[in-house]
>>> print(open('protein23.pdb').read())   # PDB, C-alpha atoms
ATOM      1  CA  MET A   1     -26.286-127.784 338.217
ATOM      2  CA  LYS A   2     -29.476-126.636 336.530
ATOM      3  CA  ILE A   3     -30.450-123.013 337.230
ATOM      4  CA  TYR A   4     -33.982-121.645 336.964
ATOM      5  CA  ALA A   5     -34.530-117.888 336.870
ATOM      6  CA  LEU A   6     -37.966-116.716 337.989
ATOM      7  CA  GLU A   7     -38.166-112.954 337.428
ATOM      8  CA  GLU A   8     -37.450-112.719 333.716
ATOM      9  CA  HIS A   9     -39.516-110.040 332.075
ATOM     10  CA  PHE A  10     -41.059-109.474 328.677
ATOM     11  CA  ALA A  11     -43.498-107.062 327.069
ATOM     12  CA  THR A  12     -45.586-107.024 323.925
ATOM     13  CA  ALA A  13     -46.138-104.238 321.426
ATOM     14  CA  GLU A  14     -49.868-104.301 322.183
ATOM     15  CA  VAL A  15     -49.356-103.859 325.922
ATOM     16  CA  MET A  16     -46.840-101.058 325.418
ATOM     17  CA  GLU A  17     -49.251 -99.292 323.074
ATOM     18  CA  ALA A  18     -51.976 -99.607 325.716
ATOM     19  CA  TRP A  19     -49.659 -98.035 328.312
ATOM     20  CA  LYS A  20     -49.041 -95.065 326.048
ATOM     21  CA  ARG A  21     -52.712 -94.583 325.254
ATOM     22  CA  ARG A  22     -53.545 -94.457 328.942
ATOM     23  CA  ASP A  23     -50.512 -92.471 330.050
ATOM     24  CA  PRO A  24     -48.721 -90.684 327.174
ATOM     25  CA  GLN A  25     -46.169 -89.243 329.620
ATOM     26  CA  LEU A  26     -45.322 -92.729 330.974
ATOM     27  CA  ALA A  27     -45.445 -91.464 334.549
ATOM     28  CA  GLU A  28     -44.352 -94.762 336.090
ATOM     29  CA  PRO A  29     -40.535 -94.888 335.873
ATOM     30  CA  MET A  30     -40.386 -98.514 334.772
ATOM     31  CA  MET A  31     -42.611 -97.796 331.783
ATOM     32  CA  LYS A  32     -40.136 -95.161 330.634
ATOM     33  CA  LEU A  33     -37.295 -97.612 331.066
ATOM     34  CA  ALA A  34     -39.239-100.273 329.169
ATOM     35  CA  PHE A  35     -39.335 -97.973 326.143
ATOM     36  CA  ALA A  36     -35.566 -97.389 326.194
ATOM     37  CA  SER A  37     -34.157 -98.903 323.003
ATOM     38  CA  GLU A  38     -31.928-101.673 324.374
ATOM     39  CA  VAL A  39     -34.398-102.672 327.082
ATOM     40  CA  ALA A  40     -37.400-102.541 324.727
ATOM     41  CA  GLU A  41     -35.680-104.788 322.203
ATOM     42  CA  ALA A  42     -34.868-107.342 324.897
ATOM     43  CA  LEU A  43     -38.359-107.244 326.407
ATOM     44  CA  VAL A  44     -40.191-108.071 323.185
ATOM     45  CA  GLU A  45     -37.704-110.717 322.031
ATOM     46  CA  LEU A  46     -38.859-114.198 323.059
ATOM     47  CA  GLY A  47     -36.696-116.251 320.741
ATOM     48  CA  ASP A  48     -33.098-117.092 320.016
ATOM     49  CA  GLU A  49     -31.630-113.825 321.281
ATOM     50  CA  ARG A  50     -33.229-114.287 324.688
ATOM     51  CA  VAL A  51     -31.970-117.848 324.892
ATOM     52  CA  ALA A  52     -28.500-116.620 323.924
ATOM     53  CA  ALA A  53     -28.627-114.093 326.789
ATOM     54  CA  MET A  54     -29.586-116.915 329.145
ATOM     55  CA  ASP A  55     -26.630-118.955 327.910
ATOM     56  CA  ASP A  56     -24.365-115.973 328.524
ATOM     57  CA  ALA A  57     -25.649-115.657 332.103
ATOM     58  CA  GLY A  58     -25.448-119.382 332.832
ATOM     59  CA  ILE A  59     -29.236-119.762 333.169
ATOM     60  CA  ASP A  60     -30.852-122.961 331.934
ATOM     61  CA  THR A  61     -34.539-122.054 332.171
ATOM     62  CA  SER A  62     -36.287-118.680 332.428
ATOM     63  CA  VAL A  63     -39.840-118.224 333.679
ATOM     64  CA  LEU A  64     -41.271-115.370 331.618
ATOM     65  CA  SER A  65     -43.413-112.652 333.205
ATOM     66  CA  LEU A  66     -45.031-109.508 331.838
ATOM     67  CA  THR A  67     -43.060-106.541 333.133
ATOM     68  CA  THR A  68     -44.534-104.007 335.556
ATOM     69  CA  PRO A  69     -47.119-102.464 335.548
ATOM     70  CA  GLY A  70     -48.406-105.296 333.395
ATOM     71  CA  LEU A  71     -52.142-105.003 332.798
ATOM     72  CA  GLN A  72     -52.721-103.329 336.153
ATOM     73  CA  ASN A  73     -52.794 -99.702 335.001
ATOM     74  CA  MET A  74     -55.718-100.303 332.622
ATOM     75  CA  ASP A  75     -59.480-100.387 332.988
ATOM     76  CA  ALA A  76     -61.079-103.761 333.561
ATOM     77  CA  ALA A  77     -62.337-104.300 330.009
ATOM     78  CA  GLU A  78     -59.049-103.508 328.315
ATOM     79  CA  ALA A  79     -57.011-105.565 330.778
ATOM     80  CA  ALA A  80     -59.328-108.560 330.442
ATOM     81  CA  ALA A  81     -59.176-108.366 326.652
ATOM     82  CA  LEU A  82     -55.380-108.364 326.636
ATOM     83  CA  GLN A  83     -54.582-111.088 329.157
ATOM     84  CA  GLY A  84     -55.502-114.029 326.922
ATOM     85  CA  PRO A  85     -53.504-112.954 323.862
ATOM     86  CA  VAL A  86     -50.477-112.078 326.022
ATOM     87  CA  ASN A  87     -50.478-115.504 327.643
ATOM     88  CA  ASP A  88     -51.032-117.249 324.312
ATOM     89  CA  LEU A  89     -47.959-115.465 322.954
ATOM     90  CA  VAL A  90     -45.870-116.710 325.892
ATOM     91  CA  ALA A  91     -47.219-120.226 325.479
ATOM     92  CA  ASP A  92     -46.106-120.159 321.849
ATOM     93  CA  ALA A  93     -42.608-119.053 322.876
ATOM     94  CA  VAL A  94     -42.444-121.863 325.437
ATOM     95  CA  ARG A  95     -43.463-124.399 322.794
ATOM     96  CA  ARG A  96     -40.735-123.131 320.479
ATOM     97  CA  HIS A  97     -38.084-123.411 323.213
ATOM     98  CA  PRO A  98     -39.012-126.430 325.335
ATOM     99  CA  GLY A  99     -36.923-126.776 328.458
ATOM    100  CA  ARG A 100     -35.532-123.260 328.138
ATOM    101  CA  LEU A 101     -38.653-121.127 328.711
ATOM    102  CA  GLN A 102     -41.594-121.402 331.088
ATOM    103  CA  GLY A 103     -44.434-118.994 331.789
ATOM    104  CA  PHE A 104     -46.045-116.996 334.570
ATOM    105  CA  ALA A 105     -49.528-115.842 333.593
ATOM    106  CA  ALA A 106     -50.240-112.153 333.064
ATOM    107  CA  LEU A 107     -53.494-111.349 334.848
ATOM    108  CA  ALA A 108     -56.078-108.593 334.504
ATOM    109  CA  THR A 109     -56.229-107.688 338.189
ATOM    110  CA  PRO A 110     -58.675-104.802 337.466
ATOM    111  CA  ALA A 111     -61.127-107.633 336.613
ATOM    112  CA  PRO A 112     -60.354-110.154 339.393
ATOM    113  CA  ARG A 113     -62.878-112.850 338.421
ATOM    114  CA  ALA A 114     -61.694-112.796 334.825
ATOM    115  CA  ALA A 115     -58.125-112.899 336.113
ATOM    116  CA  ALA A 116     -58.888-115.967 338.231
ATOM    117  CA  ASP A 117     -60.446-117.718 335.238
ATOM    118  CA  GLU A 118     -57.426-116.852 333.114
ATOM    119  CA  LEU A 119     -55.061-118.191 335.758
ATOM    120  CA  ARG A 120     -56.909-121.499 335.668
ATOM    121  CA  ARG A 121     -56.720-121.583 331.866
ATOM    122  CA  ALA A 122     -53.042-120.643 331.836
ATOM    123  CA  VAL A 123     -52.133-123.406 334.284
ATOM    124  CA  THR A 124     -54.389-126.220 333.097
ATOM    125  CA  GLU A 125     -54.413-125.564 329.343
ATOM    126  CA  LEU A 126     -51.222-123.629 328.594
ATOM    127  CA  GLY A 127     -49.009-125.374 331.121
ATOM    128  CA  PHE A 128     -47.944-122.221 332.986
ATOM    129  CA  ASN A 129     -46.420-122.481 336.438
ATOM    130  CA  GLY A 130     -48.341-119.756 338.241
ATOM    131  CA  ALA A 131     -48.696-116.015 337.754
ATOM    132  CA  LEU A 132     -46.918-112.751 338.400
ATOM    133  CA  VAL A 133     -48.860-109.767 339.729
ATOM    134  CA  ASN A 134     -47.705-106.317 340.767
ATOM    135  CA  SER A 135     -48.303-104.942 344.239
ATOM    136  CA  ASN A 136     -51.128-102.508 343.519
ATOM    137  CA  SER A 137     -53.921-102.308 340.986
ATOM    138  CA  GLY A 138     -56.079 -99.281 340.322
ATOM    139  CA  GLY A 139     -54.594 -97.626 343.392
ATOM    140  CA  ARG A 140     -55.637-100.599 345.561
ATOM    141  CA  SER A 141     -53.252-102.855 347.440
ATOM    142  CA  LEU A 142     -53.594-106.493 346.430
ATOM    143  CA  ASP A 143     -54.495-107.571 349.951
ATOM    144  CA  GLN A 144     -58.010-106.174 349.429
ATOM    145  CA  PRO A 145     -60.867-108.739 349.371
ATOM    146  CA  GLU A 146     -61.779-107.809 345.805
ATOM    147  CA  PHE A 147     -58.630-109.644 344.648
ATOM    148  CA  TRP A 148     -59.149-112.800 346.680
ATOM    149  CA  ASP A 149     -60.704-114.665 343.730
ATOM    150  CA  ILE A 150     -57.189-114.736 342.269
ATOM    151  CA  TYR A 151     -55.703-116.187 345.437
ATOM    152  CA  GLU A 152     -58.463-118.757 345.709
ATOM    153  CA  ALA A 153     -57.697-119.958 342.180
ATOM    154  CA  ALA A 154     -53.953-120.040 342.854
ATOM    155  CA  ALA A 155     -54.450-121.973 346.092
ATOM    156  CA  ASP A 156     -56.799-124.482 344.445
ATOM    157  CA  LEU A 157     -54.243-125.013 341.676
ATOM    158  CA  ARG A 158     -51.336-124.922 344.125
ATOM    159  CA  ALA A 159     -49.721-122.560 341.642
ATOM    160  CA  PRO A 160     -47.399-119.855 343.008
ATOM    161  CA  VAL A 161     -48.022-116.123 342.652
ATOM    162  CA  TYR A 162     -44.940-113.962 342.189
ATOM    163  CA  LEU A 163     -45.661-110.643 343.923
ATOM    164  CA  HIS A 164     -43.642-108.044 342.040
ATOM    165  CA  PRO A 165     -43.186-104.352 342.870
ATOM    166  CA  ARG A 166     -45.013-101.569 341.159
ATOM    167  CA  GLY A 167     -44.502 -97.836 341.498
ATOM    168  CA  PRO A 168     -46.157 -96.403 344.630
ATOM    169  CA  VAL A 169     -49.494 -94.666 344.199
ATOM    170  CA  PRO A 170     -49.099 -90.972 343.241
ATOM    171  CA  ALA A 171     -49.851 -89.527 346.685
ATOM    172  CA  VAL A 172     -47.213 -91.717 348.320
ATOM    173  CA  ARG A 173     -44.740 -91.080 345.538
ATOM    174  CA  GLU A 174     -45.084 -87.312 345.857
ATOM    175  CA  ALA A 175     -44.988 -87.236 349.659
ATOM    176  CA  TYR A 176     -42.108 -89.632 350.213
ATOM    177  CA  TYR A 177     -39.975 -89.679 347.083
ATOM    178  CA  GLY A 178     -40.480 -86.328 345.346
ATOM    179  CA  GLY A 179     -38.650 -83.057 345.503
ATOM    180  CA  PHE A 180     -35.287 -83.881 343.979
ATOM    181  CA  GLY A 181     -36.131 -83.895 340.278
ATOM    182  CA  ASP A 182     -35.517 -86.593 337.703
ATOM    183  CA  PRO A 183     -33.865 -89.039 337.820
ATOM    184  CA  VAL A 184     -33.485 -89.057 341.620
ATOM    185  CA  ASP A 185     -37.249 -88.944 342.305
ATOM    186  CA  ASN A 186     -37.807 -91.833 339.909
ATOM    187  CA  LEU A 187     -35.038 -93.943 341.396
ATOM    188  CA  LEU A 188     -36.071 -93.325 344.990
ATOM    189  CA  ALA A 189     -39.651 -94.279 344.125
ATOM    190  CA  SER A 190     -38.642 -97.412 342.232
ATOM    191  CA  GLY A 191     -35.521 -99.551 342.215
ATOM    192  CA  ALA A 192     -33.538 -97.703 344.875
ATOM    193  CA  LEU A 193     -36.103 -98.232 347.613
ATOM    194  CA  GLY A 194     -39.722 -97.172 347.061
ATOM    195  CA  TRP A 195     -41.167-100.068 345.187
ATOM    196  CA  HIS A 196     -39.444-102.586 347.477
ATOM    197  CA  TYR A 197     -41.225-101.090 350.469
ATOM    198  CA  ASP A 198     -44.462-101.117 348.475
ATOM    199  CA  ALA A 199     -44.235-104.803 347.543
ATOM    200  CA  GLY A 200     -42.997-105.887 350.970
ATOM    201  CA  LEU A 201     -45.767-104.010 352.718
ATOM    202  CA  THR A 202     -48.294-105.595 350.340
ATOM    203  CA  ALA A 203     -47.069-109.064 351.334
ATOM    204  CA  LEU A 204     -47.287-108.104 354.999
ATOM    205  CA  ARG A 205     -50.787-106.713 354.489
ATOM    206  CA  MET A 206     -51.816-109.978 352.826
ATOM    207  CA  ILE A 207     -50.706-111.847 355.934
ATOM    208  CA  VAL A 208     -52.403-109.445 358.355
ATOM    209  CA  ALA A 209     -55.571-109.393 356.220
ATOM    210  CA  GLY A 210     -55.856-113.156 356.680
ATOM    211  CA  VAL A 211     -55.217-114.184 353.071
ATOM    212  CA  PHE A 212     -53.059-117.133 354.118
ATOM    213  CA  ASP A 213     -55.382-118.160 356.934
ATOM    214  CA  ARG A 214     -58.186-118.299 354.358
ATOM    215  CA  PHE A 215     -55.992-119.990 351.702
ATOM    216  CA  PRO A 216     -53.294-121.963 353.569
ATOM    217  CA  ASP A 217     -52.059-123.618 350.369
ATOM    218  CA  LEU A 218     -51.297-120.262 348.719
ATOM    219  CA  GLN A 219     -47.618-119.727 347.927
ATOM    220  CA  ILE A 220     -46.216-116.345 346.943
ATOM    221  CA  VAL A 221     -42.757-115.354 345.788
ATOM    222  CA  LEU A 222     -41.051-112.101 346.808
ATOM    223  CA  GLY A 223     -38.064-110.850 344.862
ATOM    224  CA  HIS A 224     -35.213-108.554 345.872
ATOM    225  CA  TRP A 225     -34.478-110.618 348.984
ATOM    226  CA  GLY A 226     -37.968-110.307 350.391
ATOM    227  CA  GLU A 227     -38.649-106.672 349.512
ATOM    228  CA  VAL A 228     -37.179-105.235 352.737
ATOM    229  CA  VAL A 229     -39.681-107.010 355.023
ATOM    230  CA  LEU A 230     -37.475-110.072 355.451
ATOM    231  CA  PHE A 231     -34.842-107.959 357.197
ATOM    232  CA  TYR A 232     -37.358-106.731 359.811
ATOM    233  CA  LEU A 233     -39.215-109.913 360.685
ATOM    234  CA  ASP A 234     -38.101-109.864 364.321
ATOM    235  CA  ARG A 235     -39.411-106.324 364.709
ATOM    236  CA  ILE A 236     -42.603-106.901 362.702
ATOM    237  CA  GLY A 237     -43.548-109.589 365.205
ATOM    238  CA  ILE A 238     -44.886-106.875 367.503
ATOM    239  CA  VAL A 239     -48.156-107.046 365.532
ATOM    240  CA  ASP A 240     -48.688-110.710 366.426
ATOM    241  CA  GLY A 241     -50.771-110.032 369.504
ATOM    242  CA  PHE A 242     -53.059-107.590 367.736
ATOM    243  CA  ALA A 243     -53.694-108.981 364.239
ATOM    244  CA  GLY A 244     -55.872-111.955 365.190
ATOM    245  CA  LEU A 245     -53.808-114.360 363.084
ATOM    246  CA  ARG A 246     -53.586-118.104 363.554
ATOM    247  CA  ARG A 247     -49.786-117.992 363.631
ATOM    248  CA  PRO A 248     -46.958-115.499 364.199
ATOM    249  CA  VAL A 249     -46.198-113.376 361.144
ATOM    250  CA  GLU A 250     -42.731-114.839 360.713
ATOM    251  CA  GLU A 251     -44.166-118.339 360.388
ATOM    252  CA  TYR A 252     -46.045-117.339 357.230
ATOM    253  CA  PHE A 253     -42.716-116.338 355.704
ATOM    254  CA  ARG A 254     -41.412-119.838 356.398
ATOM    255  CA  THR A 255     -44.460-121.657 355.041
ATOM    256  CA  ASN A 256     -46.148-119.463 352.409
ATOM    257  CA  VAL A 257     -43.431-117.166 351.034
ATOM    258  CA  PHE A 258     -40.458-117.897 348.800
ATOM    259  CA  ILE A 259     -37.613-115.421 348.368
ATOM    260  CA  THR A 260     -35.472-114.620 345.310
ATOM    261  CA  PRO A 261     -32.609-112.161 344.789
ATOM    262  CA  GLY A 262     -34.450-110.501 341.896
ATOM    263  CA  GLY A 263     -31.172-109.491 340.306
ATOM    264  CA  ILE A 264     -29.415-108.340 343.502
ATOM    265  CA  SER A 265     -26.414-110.648 343.527
ATOM    266  CA  SER A 266     -25.397-110.228 347.157
ATOM    267  CA  HIS A 267     -23.899-113.054 349.179
ATOM    268  CA  LYS A 268     -24.472-110.940 352.291
ATOM    269  CA  TYR A 269     -28.221-110.796 351.626
ATOM    270  CA  LEU A 270     -28.170-114.481 350.764
ATOM    271  CA  ARG A 271     -26.631-115.356 354.139
ATOM    272  CA  TRP A 272     -29.248-113.270 355.953
ATOM    273  CA  SER A 273     -32.063-114.904 354.007
ATOM    274  CA  LEU A 274     -30.718-118.371 354.723
ATOM    275  CA  GLU A 275     -30.578-117.603 358.421
ATOM    276  CA  THR A 276     -34.071-116.109 358.392
ATOM    277  CA  VAL A 277     -36.128-118.528 356.284
ATOM    278  CA  GLY A 278     -33.779-121.357 355.266
ATOM    279  CA  ALA A 279     -32.554-122.690 351.937
ATOM    280  CA  GLU A 280     -35.838-124.421 351.145
ATOM    281  CA  ARG A 281     -37.524-121.005 350.850
ATOM    282  CA  ILE A 282     -35.053-119.383 348.443
ATOM    283  CA  MET A 283     -34.964-119.581 344.635
ATOM    284  CA  TYR A 284     -33.024-117.732 341.958
ATOM    285  CA  ALA A 285     -34.076-114.786 339.744
ATOM    286  CA  SER A 286     -31.974-112.473 337.574
ATOM    287  CA  ASP A 287     -34.494-109.668 336.738
ATOM    288  CA  PHE A 288     -33.716-109.745 333.008
ATOM    289  CA  PRO A 289     -33.447-107.470 331.057
ATOM    290  CA  PHE A 290     -33.303-104.667 333.637
ATOM    291  CA  ASN A 291     -30.385-106.505 335.163
ATOM    292  CA  ARG A 292     -28.102-108.225 332.665
ATOM    293  CA  GLU A 293     -26.018-111.112 333.974
ATOM    294  CA  ARG A 294     -23.107-111.577 331.563
ATOM    295  CA  ASP A 295     -20.202-113.980 331.202
ATOM    296  CA  GLY A 296     -21.758-116.606 333.434
ATOM    297  CA  ALA A 297     -22.561-114.201 336.284
ATOM    298  CA  ALA A 298     -25.746-115.975 337.371
ATOM    299  CA  ARG A 299     -24.015-119.320 337.668
ATOM    300  CA  ARG A 300     -20.968-117.743 339.261
ATOM    301  CA  PHE A 301     -23.110-116.088 341.950
ATOM    302  CA  LEU A 302     -24.441-119.465 343.057
ATOM    303  CA  GLU A 303     -21.263-121.464 342.574
ATOM    304  CA  THR A 304     -19.164-119.051 344.652
ATOM    305  CA  ALA A 305     -21.730-118.555 347.420
ATOM    306  CA  PRO A 306     -20.312-119.631 350.809
ATOM    307  CA  ILE A 307     -23.025-122.239 351.367
ATOM    308  CA  SER A 308     -23.311-126.010 351.304
ATOM    309  CA  ASP A 309     -23.786-127.876 348.042
ATOM    310  CA  GLU A 310     -27.173-129.064 349.315
ATOM    311  CA  ASP A 311     -28.346-125.503 349.914
ATOM    312  CA  ARG A 312     -26.939-124.450 346.544
ATOM    313  CA  GLU A 313     -28.992-127.095 344.775
ATOM    314  CA  HIS A 314     -32.154-126.148 346.661
ATOM    315  CA  ILE A 315     -31.792-122.558 345.496
ATOM    316  CA  ALA A 316     -30.713-123.325 341.937
ATOM    317  CA  PHE A 317     -33.332-125.899 340.982
ATOM    318  CA  ARG A 318     -34.710-128.237 343.625
ATOM    319  CA  ASN A 319     -37.140-125.802 345.272
ATOM    320  CA  TRP A 320     -38.646-124.707 341.960
ATOM    321  CA  GLU A 321     -38.966-128.229 340.615
ATOM    322  CA  LYS A 322     -40.668-129.373 343.838
ATOM    323  CA  LEU A 323     -43.052-126.395 343.739
ATOM    324  CA  VAL A 324     -43.962-126.979 340.109
ATOM    325  CA  ALA A 325     -44.444-130.714 340.670
ATOM    326  CA  GLY A 326     -47.187-129.910 343.177
ATOM    327  CA  ILE A 327     -49.282-127.820 340.785
ATOM    328  CA  ARG A 328     -52.702-129.300 340.057
ATOM    329  CA  ARG A 329     -53.114-129.417 336.289
TER
END
>>> encode(input="protein23.pdb", output="structure tokens")
Amino acid sequence: MKIYALEEHFATAEVMEAWKRRDPQLAEPMMKLAFASEVAEALVELGDERVAAMDDAGIDTSVLSLTTPGLQNMDAAEAAALQGPVNDLVADAVRRHPGRLQGFAALATPAPRAAADELRRAVTELGFNGALVNSNSGGRSLDQPEFWDIYEAAADLRAPVYLHPRGPVPAVREAYYGGFGDPVDNLLASGALGWHYDAGLTALRMIVAGVFDRFPDLQIVLGHWGEVVLFYLDRIGIVDGFAGLRRPVEEYFRTNVFITPGGISSHKYLRWSLETVGAERIMYASDFPFNRERDGAARRFLETAPISDEDREHIAFRNWEKLVAGIRR
């Protein structure tokens, strides 16, 4: 059984240097973690050591994505200047490891039109299979109309957009997650809960804003079992009569949203997701290197899941291969 992993992060020295120039204190928790020695080494390594880690996990193919905050904490000019070289570097790694590595484009969301053009280049010229963006850019949620050029390009290409968390904006972080000191504040605002709410709410805002009514072919991917929102779909339906949408909110999750575990290897969450959106809307992701699956753990998670073999294959490889086959090159 072939296994694709879709939330597999990398960084480059140039991007990390740009982060430090803009924010020497590395205020976003994930930037600090990215500079930790073991994590930093794994992020910048796009060769044999990464493939060896995939072999250890039982992963056949990883789809590489620039780790959060990506290019989204920079000004427009700097972000636009970096996106091409970053994607060229990934394309080179993919060429050196055919069949083992694929790419999600890094996009300069502070410059949406340039980002849309780069997405088209990455898909049609570099062979990438979509893009990964983080949930806010320049303090703006990605549902805002200024970012719709990106979604238009993705929909035209039929290339998926992985919507990844990013640290909440400072005002939200201070009001909701502060007061306990490091590392508790950082964890509450990021991997424990905060950034999952942030990404899930961004996806919900995209639906309510009419992004998918305007671009019905757009497909997004939410990690971490749907970033909390998936577990409240029945309740969220109370907005249906007020949002002016063409369909109930939950229907968009069954037609325009894919779900991955994003490194949370929970059969309980898997069962809930299957019941909520079905096996044809779930794919696998390990969240490397922030989550390290060792000794075949990725394969073991799927092989021991209490699900049918048909559902197992959909999650492991069939859904991704079908999605990629539909991309317009």
>>> residues_around(input="protein23.pdb", residues="Ala111 of chain A", least_positions_apart="3", cutoff="9 Å", atoms="only C-alpha atoms", output="PyMOL selection string")
chain A and resi 75-77+79-80+107-108+114-116+147
>>> resolve_selection(input="protein23.pdb", expression="the PyMOL selection byres ((chain A and resi 210-225) around 6)", output="ChimeraX atom specification")
/A:155,160-163,206-209,226-227,256-262
>>> atom_distance(input="protein23.pdb", atom1="atom CA of Val86 of chain A", atom2="atom CA of Ala189 of chain A")
27.6 Å
>>> closest_atom_pairs(input="protein23.pdb", of="segment 209-299 of chain A", to="segment 1-6 of chain A", cutoff="9 Å", atoms="all atoms listed in the file", output="JSON lines")
{"residue": "A:Thr260", "atom": "CA", "partner": "A:Leu6", "partner_atom": "CA", "distance": 8.0}
{"residue": "A:Gly262", "atom": "CA", "partner": "A:Leu6", "partner_atom": "CA", "distance": 8.1}
{"residue": "A:Met283", "atom": "CA", "partner": "A:Leu6", "partner_atom": "CA", "distance": 7.8}
{"residue": "A:Tyr284", "atom": "CA", "partner": "A:Ala5", "partner_atom": "CA", "distance": 5.3}
{"residue": "A:Ala285", "atom": "CA", "partner": "A:Ala5", "partner_atom": "CA", "distance": 4.3}
{"residue": "A:Ser286", "atom": "CA", "partner": "A:Ala5", "partner_atom": "CA", "distance": 6.0}
{"residue": "A:Asp287", "atom": "CA", "partner": "A:Leu6", "partner_atom": "CA", "distance": 8.0}
{"residue": "A:Ala298", "atom": "CA", "partner": "A:Ile3", "partner_atom": "CA", "distance": 8.5}
{"residue": "A:Arg299", "atom": "CA", "partner": "A:Ile3", "partner_atom": "CA", "distance": 7.4}
>>> atom_distance(input="protein23.pdb", atom1="atom CA of Trp148 of chain A", atom2="atom CA of Gly130 of chain A")
15.4 Å
>>> closest_residue(input="protein23.pdb", among="A:Arg166, A:Arg21, A:Arg120, A:Arg247", to="Glu78 of chain A", atoms="only C-alpha atoms")
A:Arg21
>>> closest_residue(input="protein23.pdb", among="A:Asn73, A:Asn186, A:Asn136, A:Gln144", to="Ala18 of chain A", atoms="only C-alpha atoms")
A:Asn73
>>> atom_distance(input="protein23.pdb", atom1="atom CA of Leu132 of chain A", atom2="atom CA of Val90 of chain A")
13.2 Å
>>> resolve_selection(input="protein23.pdb", expression="the PyMOL selection byres ((chain A and resi 248) around 12)", output="ChimeraX atom specification")
/A:204,207-208,210,212-213,233-247,249-255
>>> closest_residue(input="protein23.pdb", among="A:Arg173, A:His164, A:Arg328, A:His196", to="His9 of chain A", atoms="all atoms listed in the file")
A:His164
>>> residues_around(input="protein23.pdb", residues="Ala122 of chain A", least_positions_apart="3", cutoff="9 Å", atoms="all atoms listed in the file", output="number ranges by chain")
A: 84, 87-88, 91, 103-105, 117-119, 125-131
>>> closest_residue(input="protein23.pdb", among="A:Arg22, A:Arg100, A:Lys32, A:Arg294", to="Asp60 of chain A", atoms="only C-alpha atoms")
A:Arg100
>>> decode(input="protein23.pdb", residues="segment 9-49 of chain A", atoms="C-alpha atoms", output="mmCIF file, in the first residue's frame")
data_model
loop_
_atom_site.group_PDB
_atom_site.id
_atom_site.type_symbol
_atom_site.label_atom_id
_atom_site.label_comp_id
_atom_site.auth_asym_id
_atom_site.auth_seq_id
_atom_site.Cartn_x
_atom_site.Cartn_y
_atom_site.Cartn_z
ATOM 1 C CA HIS A 9 7.761 20.772 5.992
ATOM 2 C CA PHE A 10 11.038 22.322 4.939
ATOM 3 C CA ALA A 11 12.788 25.667 5.251
ATOM 4 C CA THR A 12 15.672 27.380 3.521
ATOM 5 C CA ALA A 13 18.545 29.353 4.994
ATOM 6 C CA GLU A 14 17.426 32.429 3.052
ATOM 7 C CA VAL A 15 13.887 32.301 4.427
ATOM 8 C CA MET A 16 15.107 31.758 7.984
ATOM 9 C CA GLU A 17 17.471 34.711 7.640
ATOM 10 C CA ALA A 18 14.559 36.838 6.414
ATOM 11 C CA TRP A 19 12.511 35.821 9.470
ATOM 12 C CA LYS A 20 15.300 36.926 11.779
ATOM 13 C CA ARG A 21 15.801 40.235 10.007
ATOM 14 C CA ARG A 22 12.125 41.049 10.381
ATOM 15 C CA ASP A 23 11.676 39.646 13.874
ATOM 16 C CA PRO A 24 14.977 39.110 15.741
ATOM 17 C CA GLN A 25 13.077 37.822 18.791
ATOM 18 C CA LEU A 26 11.236 35.200 16.684
ATOM 19 C CA ALA A 27 7.936 36.055 18.350
ATOM 20 C CA GLU A 28 5.968 33.335 16.568
ATOM 21 C CA PRO A 29 6.533 30.089 18.511
ATOM 22 C CA MET A 30 7.006 27.936 15.425
ATOM 23 C CA MET A 31 9.841 30.142 14.204
ATOM 24 C CA LYS A 32 11.662 29.533 17.475
ATOM 25 C CA LEU A 33 11.097 25.815 17.120
ATOM 26 C CA ALA A 34 12.311 25.927 13.518
ATOM 27 C CA PHE A 35 15.662 27.243 14.741
ATOM 28 C CA ALA A 36 16.081 24.434 17.288
ATOM 29 C CA SER A 37 19.088 22.378 16.199
ATOM 30 C CA GLU A 38 17.489 19.005 15.433
ATOM 31 C CA VAL A 39 14.421 20.541 13.803
ATOM 32 C CA ALA A 40 16.457 23.076 11.804
ATOM 33 C CA GLU A 41 18.716 20.363 10.419
ATOM 34 C CA ALA A 42 15.717 18.307 9.316
ATOM 35 C CA LEU A 43 13.911 21.285 7.784
ATOM 36 C CA VAL A 44 16.748 22.304 5.474
ATOM 37 C CA GLU A 45 17.670 18.750 4.454
ATOM 38 C CA LEU A 46 15.953 17.791 1.192
ATOM 39 C CA GLY A 47 18.086 14.820 0.249
ATOM 40 C CA ASP A 48 19.006 11.351 1.390
ATOM 41 C CA GLU A 49 18.469 11.963 5.100
#
